[in-house]
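A.B. asks: Following this line is data14.pdb, made up of PDB, C-alpha atoms and all ligand atoms:
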ATOM      1  CA  MET A 288      47.671 136.993  88.307  1.00  0.00           C
ATOM      2  CA  ARG A 289      44.589 135.898  90.261  1.00  0.00           C
ATOM      3  CA  THR A 290      44.347 132.333  91.572  1.00  0.00           C
ATOM      4  CA  LYS A 291      42.156 130.179  89.343  1.00  0.00           C
ATOM      5  CA  ILE A 292      39.999 127.871  91.423  1.00  0.00           C
ATOM      6  CA  VAL A 293      37.720 124.934  90.710  1.00  0.00           C
ATOM      7  CA  ALA A 294      35.906 123.786  93.837  1.00  0.00           C
ATOM      8  CA  GLY A 295      33.477 120.868  94.118  1.00  0.00           C
ATOM      9  CA  ASN A 296      30.606 121.271  96.549  1.00  0.00           C
ATOM     10  CA  TRP A 297      29.391 117.735  97.168  1.00  0.00           C
ATOM     11  CA  LYS A 298      26.453 118.903  99.277  1.00  0.00           C
ATOM     12  CA  MET A 299      24.710 116.014 101.098  1.00  0.00           C
ATOM     13  CA  ASN A 300      26.112 113.334  98.798  1.00  0.00           C
ATOM     14  CA  GLN A 301      28.580 110.449  99.213  1.00  0.00           C
ATOM     15  CA  ASP A 302      28.890 108.183 102.228  1.00  0.00           C
ATOM     16  CA  LEU A 303      32.300 106.963 103.388  1.00  0.00           C
ATOM     17  CA  GLU A 304      32.730 104.436 100.580  1.00  0.00           C
ATOM     18  CA  GLY A 305      31.447 106.909  97.998  1.00  0.00           C
ATOM     19  CA  THR A 306      33.891 109.513  99.257  1.00  0.00           C
ATOM     20  CA  ARG A 307      36.792 107.089  98.969  1.00  0.00           C
ATOM     21  CA  SER A 308      35.926 105.970  95.490  1.00  0.00           C
ATOM     22  CA  LEU A 309      35.226 109.453  94.106  1.00  0.00           C
ATOM     23  CA  LEU A 310      38.493 110.771  95.518  1.00  0.00           C
ATOM     24  CA  ARG A 311      40.431 107.781  94.193  1.00  0.00           C
ATOM     25  CA  ASP A 312      39.016 108.397  90.696  1.00  0.00           C
ATOM     26  CA  LEU A 313      39.825 112.057  90.994  1.00  0.00           C
ATOM     27  CA  VAL A 314      43.408 111.528  92.126  1.00  0.00           C
ATOM     28  CA  ALA A 315      44.056 108.889  89.461  1.00  0.00           C
ATOM     29  CA  ASN A 316      43.049 111.257  86.675  1.00  0.00           C
ATOM     30  CA  LEU A 317      44.032 114.637  88.042  1.00  0.00           C
ATOM     31  CA  PRO A 318      45.734 116.705  85.325  1.00  0.00           C
ATOM     32  CA  ARG A 319      48.881 118.719  85.929  1.00  0.00           C
ATOM     33  CA  THR A 320      47.435 122.152  86.370  1.00  0.00           C
ATOM     34  CA  SER A 321      48.018 125.553  87.847  1.00  0.00           C
ATOM     35  CA  VAL A 322      44.356 125.633  88.882  1.00  0.00           C
ATOM     36  CA  SER A 323      43.748 125.376  92.607  1.00  0.00           C
ATOM     37  CA  VAL A 324      41.399 122.399  93.054  1.00  0.00           C
ATOM     38  CA  MET A 325      39.173 121.920  96.110  1.00  0.00           C
ATOM     39  CA  VAL A 326      36.528 119.438  97.199  1.00  0.00           C
ATOM     40  CA  ALA A 327      33.956 119.865  99.938  1.00  0.00           C
ATOM     41  CA  PRO A 328      32.609 116.511 101.143  1.00  0.00           C
ATOM     42  CA  PRO A 329      30.099 116.244 104.017  1.00  0.00           C
ATOM     43  CA  PHE A 330      31.440 116.848 107.540  1.00  0.00           C
ATOM     44  CA  VAL A 331      31.751 113.205 108.610  1.00  0.00           C
ATOM     45  CA  ASN A 332      34.013 112.371 105.694  1.00  0.00           C
ATOM     46  CA  LEU A 333      36.374 115.325 106.010  1.00  0.00           C
ATOM     47  CA  PRO A 334      39.111 113.470 107.968  1.00  0.00           C
ATOM     48  CA  GLU A 335      39.049 110.608 105.469  1.00  0.00           C
ATOM     49  CA  ALA A 336      39.256 113.063 102.574  1.00  0.00           C
ATOM     50  CA  VAL A 337      42.189 114.882 104.187  1.00  0.00           C
ATOM     51  CA  ALA A 338      43.974 111.553 104.726  1.00  0.00           C
ATOM     52  CA  LEU A 339      43.352 110.346 101.181  1.00  0.00           C
ATOM     53  CA  LEU A 340      44.551 113.617  99.687  1.00  0.00           C
ATOM     54  CA  GLN A 341      47.835 113.796 101.615  1.00  0.00           C
ATOM     55  CA  GLY A 342      50.523 114.859  99.152  1.00  0.00           C
ATOM     56  CA  VAL A 343      47.954 115.574  96.416  1.00  0.00           C
ATOM     57  CA  SER A 344      47.300 119.153  95.398  1.00  0.00           C
ATOM     58  CA  VAL A 345      43.584 119.014  96.084  1.00  0.00           C
ATOM     59  CA  GLU A 346      42.412 120.942  99.101  1.00  0.00           C
ATOM     60  CA  VAL A 347      39.576 119.809 101.352  1.00  0.00           C
ATOM     61  CA  ALA A 348      36.930 122.361 102.327  1.00  0.00           C
ATOM     62  CA  ALA A 349      33.901 122.203 104.616  1.00  0.00           C
ATOM     63  CA  GLN A 350      30.404 123.164 103.521  1.00  0.00           C
ATOM     64  CA  ASN A 351      29.458 125.130 106.628  1.00  0.00           C
ATOM     65  CA  MET A 352      30.474 125.994 110.198  1.00  0.00           C
ATOM     66  CA  HIS A 353      29.096 127.698 113.306  1.00  0.00           C
ATOM     67  CA  PHE A 354      30.167 131.157 114.453  1.00  0.00           C
ATOM     68  CA  ALA A 355      30.811 130.249 118.091  1.00  0.00           C
ATOM     69  CA  ASP A 356      34.046 128.771 119.425  1.00  0.00           C
ATOM     70  CA  SER A 357      32.232 125.932 121.214  1.00  0.00           C
ATOM     71  CA  GLY A 358      29.221 125.363 123.427  1.00  0.00           C
ATOM     72  CA  ALA A 359      25.607 124.274 123.520  1.00  0.00           C
ATOM     73  CA  TYR A 360      24.839 124.274 119.804  1.00  0.00           C
ATOM     74  CA  THR A 361      23.602 120.749 119.167  1.00  0.00           C
ATOM     75  CA  GLY A 362      24.515 119.454 115.752  1.00  0.00           C
ATOM     76  CA  GLU A 363      26.946 122.230 114.905  1.00  0.00           C
ATOM     77  CA  ILE A 364      30.654 122.249 113.977  1.00  0.00           C
ATOM     78  CA  SER A 365      33.185 124.936 114.933  1.00  0.00           C
ATOM     79  CA  ALA A 366      36.151 126.422 113.095  1.00  0.00           C
ATOM     80  CA  GLU A 367      38.537 124.824 115.610  1.00  0.00           C
ATOM     81  CA  MET A 368      37.041 121.397 114.902  1.00  0.00           C
ATOM     82  CA  LEU A 369      37.582 121.845 111.184  1.00  0.00           C
ATOM     83  CA  LEU A 370      41.138 123.053 111.702  1.00  0.00           C
ATOM     84  CA  SER A 371      41.837 120.125 114.016  1.00  0.00           C
ATOM     85  CA  VAL A 372      41.153 117.666 111.174  1.00  0.00           C
ATOM     86  CA  GLY A 373      43.195 119.646 108.656  1.00  0.00           C
ATOM     87  CA  VAL A 374      40.432 121.660 106.977  1.00  0.00           C
ATOM     88  CA  LYS A 375      41.347 125.318 106.432  1.00  0.00           C
ATOM     89  CA  THR A 376      38.657 126.442 104.005  1.00  0.00           C
ATOM     90  CA  VAL A 377      34.918 126.707 104.493  1.00  0.00           C
ATOM     91  CA  ILE A 378      32.011 127.457 102.167  1.00  0.00           C
ATOM     92  CA  LEU A 379      29.650 129.995 103.750  1.00  0.00           C
ATOM     93  CA  GLY A 380      26.429 131.570 102.562  1.00  0.00           C
ATOM     94  CA  HIS A 381      25.405 128.919 100.067  1.00  0.00           C
ATOM     95  CA  SER A 382      21.900 129.606  98.792  1.00  0.00           C
ATOM     96  CA  GLU A 383      20.693 126.254 100.138  1.00  0.00           C
ATOM     97  CA  ARG A 384      21.835 127.292 103.634  1.00  0.00           C
ATOM     98  CA  ARG A 385      20.115 130.639 103.155  1.00  0.00           C
ATOM     99  CA  ALA A 386      16.881 129.098 101.855  1.00  0.00           C
ATOM    100  CA  TYR A 387      16.469 125.907 103.909  1.00  0.00           C
ATOM    101  CA  PHE A 388      18.230 126.888 107.134  1.00  0.00           C
ATOM    102  CA  ARG A 389      17.286 130.568 107.176  1.00  0.00           C
ATOM    103  CA  GLU A 390      20.857 131.814 107.217  1.00  0.00           C
ATOM    104  CA  ASP A 391      20.715 135.554 106.768  1.00  0.00           C
ATOM    105  CA  ASP A 392      23.319 138.244 106.170  1.00  0.00           C
ATOM    106  CA  GLU A 393      23.676 138.982 109.878  1.00  0.00           C
ATOM    107  CA  LEU A 394      24.406 135.364 110.761  1.00  0.00           C
ATOM    108  CA  LEU A 395      26.737 135.017 107.794  1.00  0.00           C
ATOM    109  CA  SER A 396      28.672 138.075 108.833  1.00  0.00           C
ATOM    110  CA  LYS A 397      29.326 136.390 112.205  1.00  0.00           C
ATOM    111  CA  LYS A 398      30.378 133.157 110.543  1.00  0.00           C
ATOM    112  CA  VAL A 399      32.721 134.926 108.142  1.00  0.00           C
ATOM    113  CA  GLY A 400      34.178 136.943 111.020  1.00  0.00           C
ATOM    114  CA  LYS A 401      34.880 133.814 113.045  1.00  0.00           C
ATOM    115  CA  ALA A 402      36.411 131.930 110.127  1.00  0.00           C
ATOM    116  CA  VAL A 403      38.690 134.861 109.343  1.00  0.00           C
ATOM    117  CA  GLU A 404      39.656 135.268 113.009  1.00  0.00           C
ATOM    118  CA  LYS A 405      40.665 131.596 113.101  1.00  0.00           C
ATOM    119  CA  GLY A 406      42.806 131.992 110.001  1.00  0.00           C
ATOM    120  CA  MET A 407      40.511 130.033 107.719  1.00  0.00           C
ATOM    121  CA  ASN A 408      39.771 130.795 104.088  1.00  0.00           C
ATOM    122  CA  VAL A 409      36.158 131.404 103.153  1.00  0.00           C
ATOM    123  CA  ILE A 410      34.370 130.685  99.897  1.00  0.00           C
ATOM    124  CA  PHE A 411      31.557 133.177 100.320  1.00  0.00           C
ATOM    125  CA  CYS A 412      28.482 132.422  98.192  1.00  0.00           C
ATOM    126  CA  PHE A 413      25.789 134.860  97.211  1.00  0.00           C
ATOM    127  CA  GLY A 414      23.485 135.564  94.283  1.00  0.00           C
ATOM    128  CA  GLU A 415      20.050 136.716  93.316  1.00  0.00           C
ATOM    129  CA  GLU A 416      16.847 134.733  92.856  1.00  0.00           C
ATOM    130  CA  LEU A 417      15.005 134.567  89.558  1.00  0.00           C
ATOM    131  CA  ALA A 418      12.371 137.091  90.670  1.00  0.00           C
ATOM    132  CA  ASP A 419      15.145 139.570  91.518  1.00  0.00           C
ATOM    133  CA  ARG A 420      16.547 139.266  88.014  1.00  0.00           C
ATOM    134  CA  TYR A 421      13.120 139.642  86.389  1.00  0.00           C
ATOM    135  CA  ASP A 422      12.576 142.747  88.493  1.00  0.00           C
ATOM    136  CA  GLY A 423      15.982 144.119  87.488  1.00  0.00           C
ATOM    137  CA  LYS A 424      17.125 144.015  91.114  1.00  0.00           C
ATOM    138  CA  HIS A 425      20.002 141.545  90.738  1.00  0.00           C
ATOM    139  CA  PHE A 426      22.764 144.111  91.160  1.00  0.00           C
ATOM    140  CA  GLU A 427      21.061 145.616  94.177  1.00  0.00           C
ATOM    141  CA  VAL A 428      20.582 142.202  95.843  1.00  0.00           C
ATOM    142  CA  VAL A 429      24.176 141.156  95.250  1.00  0.00           C
ATOM    143  CA  GLU A 430      25.489 144.489  96.506  1.00  0.00           C
ATOM    144  CA  ARG A 431      23.446 144.134  99.700  1.00  0.00           C
ATOM    145  CA  GLN A 432      24.581 140.546 100.337  1.00  0.00           C
ATOM    146  CA  LEU A 433      28.221 141.559  99.959  1.00  0.00           C
ATOM    147  CA  LYS A 434      27.893 144.705 102.022  1.00  0.00           C
ATOM    148  CA  ASN A 435      26.074 143.068 104.933  1.00  0.00           C
ATOM    149  CA  ALA A 436      28.381 140.103 105.328  1.00  0.00           C
ATOM    150  CA  LEU A 437      31.772 141.316 104.144  1.00  0.00           C
ATOM    151  CA  PHE A 438      32.247 145.038 103.896  1.00  0.00           C
ATOM    152  CA  ASP A 439      33.095 145.509 107.559  1.00  0.00           C
ATOM    153  CA  LEU A 440      36.101 143.221 107.238  1.00  0.00           C
ATOM    154  CA  PRO A 441      39.507 144.858 107.627  1.00  0.00           C
ATOM    155  CA  GLU A 442      41.559 145.027 104.431  1.00  0.00           C
ATOM    156  CA  THR A 443      43.988 142.409 105.759  1.00  0.00           C
ATOM    157  CA  ALA A 444      41.179 139.827 106.006  1.00  0.00           C
ATOM    158  CA  TRP A 445      40.405 139.917 102.296  1.00  0.00           C
ATOM    159  CA  LYS A 446      43.253 137.619 101.343  1.00  0.00           C
ATOM    160  CA  GLN A 447      41.234 134.902 103.124  1.00  0.00           C
ATOM    161  CA  ILE A 448      38.118 135.521 101.038  1.00  0.00           C
ATOM    162  CA  ILE A 449      37.114 133.856  97.783  1.00  0.00           C
ATOM    163  CA  LEU A 450      33.829 135.050  96.288  1.00  0.00           C
ATOM    164  CA  ALA A 451      31.356 132.713  94.585  1.00  0.00           C
ATOM    165  CA  TYR A 452      28.556 134.320  92.589  1.00  0.00           C
ATOM    166  CA  GLU A 453      25.790 131.764  92.271  1.00  0.00           C
ATOM    167  CA  PRO A 454      22.514 133.012  90.816  1.00  0.00           C
ATOM    168  CA  VAL A 455      19.933 130.892  92.645  1.00  0.00           C
ATOM    169  CA  TRP A 456      17.991 130.265  89.433  1.00  0.00           C
ATOM    170  CA  ALA A 457      21.024 128.515  87.936  1.00  0.00           C
ATOM    171  CA  ILE A 458      21.788 126.114  90.789  1.00  0.00           C
ATOM    172  CA  GLY A 459      20.945 122.504  90.036  1.00  0.00           C
ATOM    173  CA  THR A 460      18.483 123.608  87.350  1.00  0.00           C
ATOM    174  CA  GLY A 461      20.526 123.009  84.214  1.00  0.00           C
ATOM    175  CA  GLU A 462      19.994 126.710  83.521  1.00  0.00           C
ATOM    176  CA  THR A 463      23.321 128.567  83.414  1.00  0.00           C
ATOM    177  CA  ALA A 464      23.854 132.291  83.420  1.00  0.00           C
ATOM    178  CA  SER A 465      25.203 133.157  79.991  1.00  0.00           C
ATOM    179  CA  PRO A 466      28.950 133.875  79.969  1.00  0.00           C
ATOM    180  CA  GLU A 467      28.020 137.513  79.301  1.00  0.00           C
ATOM    181  CA  GLN A 468      25.660 137.637  82.289  1.00  0.00           C
ATOM    182  CA  ALA A 469      28.346 136.080  84.481  1.00  0.00           C
ATOM    183  CA  GLN A 470      30.999 138.524  83.247  1.00  0.00           C
ATOM    184  CA  GLU A 471      28.698 141.503  83.729  1.00  0.00           C
ATOM    185  CA  MET A 472      27.965 140.521  87.328  1.00  0.00           C
ATOM    186  CA  HIS A 473      31.559 139.571  88.163  1.00  0.00           C
ATOM    187  CA  ALA A 474      32.805 142.945  86.904  1.00  0.00           C
ATOM    188  CA  PHE A 475      30.144 144.623  89.048  1.00  0.00           C
ATOM    189  CA  ILE A 476      31.229 142.574  92.095  1.00  0.00           C
ATOM    190  CA  ARG A 477      34.857 143.506  91.571  1.00  0.00           C
ATOM    191  CA  LYS A 478      33.856 147.167  91.396  1.00  0.00           C
ATOM    192  CA  GLN A 479      31.928 146.870  94.658  1.00  0.00           C
ATOM    193  CA  VAL A 480      34.955 145.337  96.378  1.00  0.00           C
ATOM    194  CA  ALA A 481      37.162 148.123  95.020  1.00  0.00           C
ATOM    195  CA  GLY A 482      34.774 150.714  96.406  1.00  0.00           C
ATOM    196  CA  ALA A 483      34.371 149.064  99.787  1.00  0.00           C
ATOM    197  CA  CYS A 484      37.969 148.023 100.263  1.00  0.00           C
ATOM    198  CA  SER A 485      40.634 148.861  97.703  1.00  0.00           C
ATOM    199  CA  GLU A 486      41.567 148.511  94.042  1.00  0.00           C
ATOM    200  CA  SER A 487      44.357 146.099  94.865  1.00  0.00           C
ATOM    201  CA  VAL A 488      42.087 143.800  96.895  1.00  0.00           C
ATOM    202  CA  ALA A 489      39.501 143.888  94.103  1.00  0.00           C
ATOM    203  CA  GLU A 490      42.137 143.116  91.491  1.00  0.00           C
ATOM    204  CA  GLY A 491      43.521 140.191  93.485  1.00  0.00           C
ATOM    205  CA  ILE A 492      40.369 138.487  94.692  1.00  0.00           C
ATOM    206  CA  SER A 493      39.165 135.321  92.963  1.00  0.00           C
ATOM    207  CA  ILE A 494      35.514 135.446  91.944  1.00  0.00           C
ATOM    208  CA  LEU A 495      34.051 132.046  91.093  1.00  0.00           C
ATOM    209  CA  TYR A 496      30.879 131.395  89.155  1.00  0.00           C
ATOM    210  CA  GLY A 497      28.500 128.654  90.301  1.00  0.00           C
ATOM    211  CA  GLY A 498      25.303 127.267  88.871  1.00  0.00           C
ATOM    212  CA  SER A 499      25.023 124.331  86.472  1.00  0.00           C
ATOM    213  CA  VAL A 500      28.651 124.477  85.351  1.00  0.00           C
ATOM    214  CA  LYS A 501      29.283 121.374  83.231  1.00  0.00           C
ATOM    215  CA  PRO A 502      32.103 120.124  80.986  1.00  0.00           C
ATOM    216  CA  GLY A 503      30.205 121.535  77.987  1.00  0.00           C
ATOM    217  CA  ASN A 504      29.913 125.118  79.196  1.00  0.00           C
ATOM    218  CA  ALA A 505      32.889 125.568  81.559  1.00  0.00           C
ATOM    219  CA  ALA A 506      35.466 126.753  79.015  1.00  0.00           C
ATOM    220  CA  GLU A 507      33.272 129.555  77.727  1.00  0.00           C
ATOM    221  CA  ILE A 508      32.356 130.772  81.214  1.00  0.00           C
ATOM    222  CA  PHE A 509      35.972 130.571  82.410  1.00  0.00           C
ATOM    223  CA  SER A 510      37.172 132.507  79.367  1.00  0.00           C
ATOM    224  CA  LYS A 511      35.582 135.687  80.719  1.00  0.00           C
ATOM    225  CA  PRO A 512      38.117 138.088  82.235  1.00  0.00           C
ATOM    226  CA  ASP A 513      36.446 138.488  85.621  1.00  0.00           C
ATOM    227  CA  VAL A 514      35.530 134.813  86.092  1.00  0.00           C
ATOM    228  CA  ASP A 515      38.330 133.166  88.074  1.00  0.00           C
ATOM    229  CA  GLY A 516      36.869 129.703  88.384  1.00  0.00           C
ATOM    230  CA  GLY A 517      33.834 127.748  89.412  1.00  0.00           C
ATOM    231  CA  LEU A 518      31.982 126.320  92.360  1.00  0.00           C
ATOM    232  CA  ILE A 519      30.642 123.078  91.006  1.00  0.00           C
ATOM    233  CA  GLY A 520      27.749 121.090  92.483  1.00  0.00           C
ATOM    234  CA  GLY A 521      26.280 118.184  90.514  1.00  0.00           C
ATOM    235  CA  ALA A 522      29.186 117.815  88.086  1.00  0.00           C
ATOM    236  CA  SER A 523      31.685 117.534  90.951  1.00  0.00           C
ATOM    237  CA  LEU A 524      30.135 114.165  91.880  1.00  0.00           C
ATOM    238  CA  VAL A 525      31.289 112.604  88.610  1.00  0.00           C
ATOM    239  CA  ALA A 526      35.094 112.392  88.533  1.00  0.00           C
ATOM    240  CA  ASP A 527      35.338 112.612  84.720  1.00  0.00           C
ATOM    241  CA  ASP A 528      33.116 115.684  84.599  1.00  0.00           C
ATOM    242  CA  PHE A 529      34.941 117.443  87.421  1.00  0.00           C
ATOM    243  CA  ILE A 530      38.263 116.739  85.742  1.00  0.00           C
ATOM    244  CA  ALA A 531      36.964 117.973  82.395  1.00  0.00           C
ATOM    245  CA  ILE A 532      35.911 121.205  84.128  1.00  0.00           C
ATOM    246  CA  ILE A 533      39.390 121.611  85.664  1.00  0.00           C
ATOM    247  CA  LYS A 534      40.890 121.062  82.211  1.00  0.00           C
ATOM    248  CA  ALA A 535      38.541 123.670  80.743  1.00  0.00           C
ATOM    249  CA  PHE A 536      40.947 126.309  82.054  1.00  0.00           C
ATOM    250  CA  GLY A 537      43.386 125.019  79.418  1.00  0.00           C
TER     251      GLY A 537
HETATM  252  P1  LIG B 601      25.215 122.956  90.550  1.00  0.00           P
HETATM  253  O1  LIG B 601      25.444 123.553  92.018  1.00  0.00           O
HETATM  254  O2  LIG B 601      26.544 122.971  89.857  1.00  0.00           O
HETATM  255  O3  LIG B 601      24.664 121.581  90.762  1.00  0.00           O
HETATM  256  O4  LIG B 601      24.227 123.870  89.875  1.00  0.00           O
HETATM  257  C1  LIG B 601      26.320 124.619  92.259  1.00  0.00           C
HETATM  258  C2  LIG B 601      26.325 124.942  93.725  1.00  0.00           C
HETATM  259  O5  LIG B 601      25.274 124.841  94.362  1.00  0.00           O
HETATM  260  O6  LIG B 601      27.381 125.292  94.313  1.00  0.00           O
END
Can I see the file as structure tokens?
Ligand code: PGA
C.D. replies:
Amino acid sequence: MRTKIVAGNWKMNQDLEGTRSLLRDLVANLPRTSVSVMVAPPFVNLPEAVALLQGVSVEVAAQNMHFADSGAYTGEISAEMLLSVGVKTVILGHSERRAYFREDDELLSKKVGKAVEKGMNVIFCFGEELADRYDGKHFEVVERQLKNALFDLPETAWKQIILAYEPVWAIGTGETASPEQAQEMHAFIRKQVAGACSESVAEGISILYGGSVKPGNAAEIFSKPDVDGGLIGGASLVADDFIAIIKAFG
């Protein structure tokens, strides 16, 4: 049985007070569930989030990290720093990092390698742009993103990896991949992992879908056999919506 995951990527939203109040609302209404729930607030609010979620089964993740251990990298945050405040999971490769901060496959491979070396879990994001899909290149693009950043990992590292397929054209646009499109791509991704690593790793890895997941469409997307959860942006900022999405797993 693969782990079902619903993770909220808050992006650059919520100051300290906003973080407190959103987490309070979340904790107060959290359903009893077998779904693994995660939230990724901005860096500065990670310690507060960890403190507020003590004893609650909601894990705190970071939205990014640097590949070096420490040093002259102004403005950056290392794996050790995240671990030191109780954060063991990091989102890497988000399309906004790729687009606005020029993060490419080579850089992401270093970041993933460092996170894995430090014992962290990685939610690795990838996905094609609209033009790729129009050109029929979506499978090719996804295959390349996976291969360049992940396929050199040793088999033992894969238990630290969660995959998040996020077609760029569906992020924050209100446009969702149809459940069939998501299933088709997730099955393809699982096949790639089987080929690059092993059948058992491919069978066990959680593959999340991200891109305009809302309470109204979550259940249908999550019902697909190769969709193991969601990476939620906008809807994770509204406690009721995020909770409804968690409940969509039934
Ligand atoms: P969205 O964002 O749910 O607002 O589309 C998803 C994401 O960027 O992870």
A.B. asks: Mind giving me the straight-line distance from atom CA of Leu309 of chain A to atom CA of Ala526 of chain A in Å, one decimal?
C.D. replies: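 Interatomic distance, atom CA of Leu309 of chain A to atom CA of Ala526 of chain A: 6.3 Å.
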A.B. asks: Mind pulling up the distance from atom CA of Ala469 of chain A to atom CA of Lys446 of chain A?
C.D. replies: 22.6 Å
A.B. asks: Determine, counting all atoms listed in the file, which protein, DNA and RNA residues have an atom within 8 Å of an atom of segment 380-383 of chain A; residues of the same chain fewer than 3 positions away are not included. Present the result as a compact mmCIF listing (two decimals) with C-alpha atoms, keeping the file's coordinate frame.
C.D. replies:
# COMPACT_ATOMS: atom_id res chain seq x y z
CA ALA A 386 16.88 129.10 101.86
CA TYR A 387 16.47 125.91 103.91
CA PHE A 388 18.23 126.89 107.13
CA GLU A 390 20.86 131.81 107.22
CA LEU A 395 26.74 135.02 107.79
CA PHE A 411 31.56 133.18 100.32
CA CYS A 412 28.48 132.42 98.19
CA PHE A 413 25.79 134.86 97.21
CA GLY A 414 23.48 135.56 94.28
CA GLU A 453 25.79 131.76 92.27
CA VAL A 455 19.93 130.89 92.64
A.B. asks: Distance limit 9 Å, reference ligand LIG 601 (chain B), atoms considered: only C-alpha atoms and all ligand atoms. Which residues make the cut? Give them as a VMD selection string.
C.D. replies: chain A and resid 294 to 298 381 to 383 412 451 453 455 to 463 496 to 501 517 to 523
A.B. asks: Considering all atoms listed in the file, state which residue in the set A:Val480, A:Val428, A:Val403, A:Val514 is at the smallest distance from Glu467 of chain A.
C.D. replies: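 Of all the options, A:Val514 lies closest to Glu467 of chain A.
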A.B. asks: How far is it from atom CA of Val293 of chain A to atom CA of Ser344 of chain A, in Å with one decimal?
C.D. replies: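 Going from atom CA of Val293 of chain A over to atom CA of Ser344 of chain A, I get 12.1 Å.
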A.B. asks: Excluding Pro334 of chain A and residues on its chain fewer than 5 positions from it, collect all residues at most 9 Å away from it, counting all atoms listed in the file, and give them as a ChimeraX atom specification.
C.D. replies: /A:339,372-374
A.B. asks: Which is closer to Glu427 of chain A than all the others in A:Ile476, A:Lys398, A:Gly406, A:Leu450, using only C-alpha atoms?
C.D. replies: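 The closest residue to Glu427 of chain A is A:Ile476.
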A.B. asks: Which one is closest to Thr306 of chain A: A:Leu524, A:Ile532, A:Leu369, A:Ser396? Count all atoms listed in the file.
C.D. replies: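 The shortest atom-to-atom distance to Thr306 of chain A comes from A:Leu524.
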A.B. asks: Which one of A:Arg311, A:Arg420, A:Lys397, A:Lys478 sits closest to Leu437 of chain A if you count all atoms listed in the file?
C.D. replies: A:Lys397
A.B. asks: Which is closest to Gly537 of chain A among A:Asp513, A:Glu335, A:Glu507, A:Asp419, if we use all atoms listed in the file?
C.D. replies: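 Distance minimum relative to Gly537 of chain A lands on A:Glu507.
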A.B. asks: Which polymer residues have any atom within 9 Å of an atom of Ile530 of chain A, counting all atoms listed in the file, with same-chain residues fewer than 6 positions away left out, as a list in words?
C.D. replies: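 Here the answer would be Leu313, Asn316, Leu317, Pro318, Pro502 and Ser523 of chain A.
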A.B. asks: Which is closer to Asp392 of chain A than all the others in A:Val377, A:Leu333, A:Ala436, A:Leu370, using only C-alpha atoms?
C.D. replies: A:Ala436
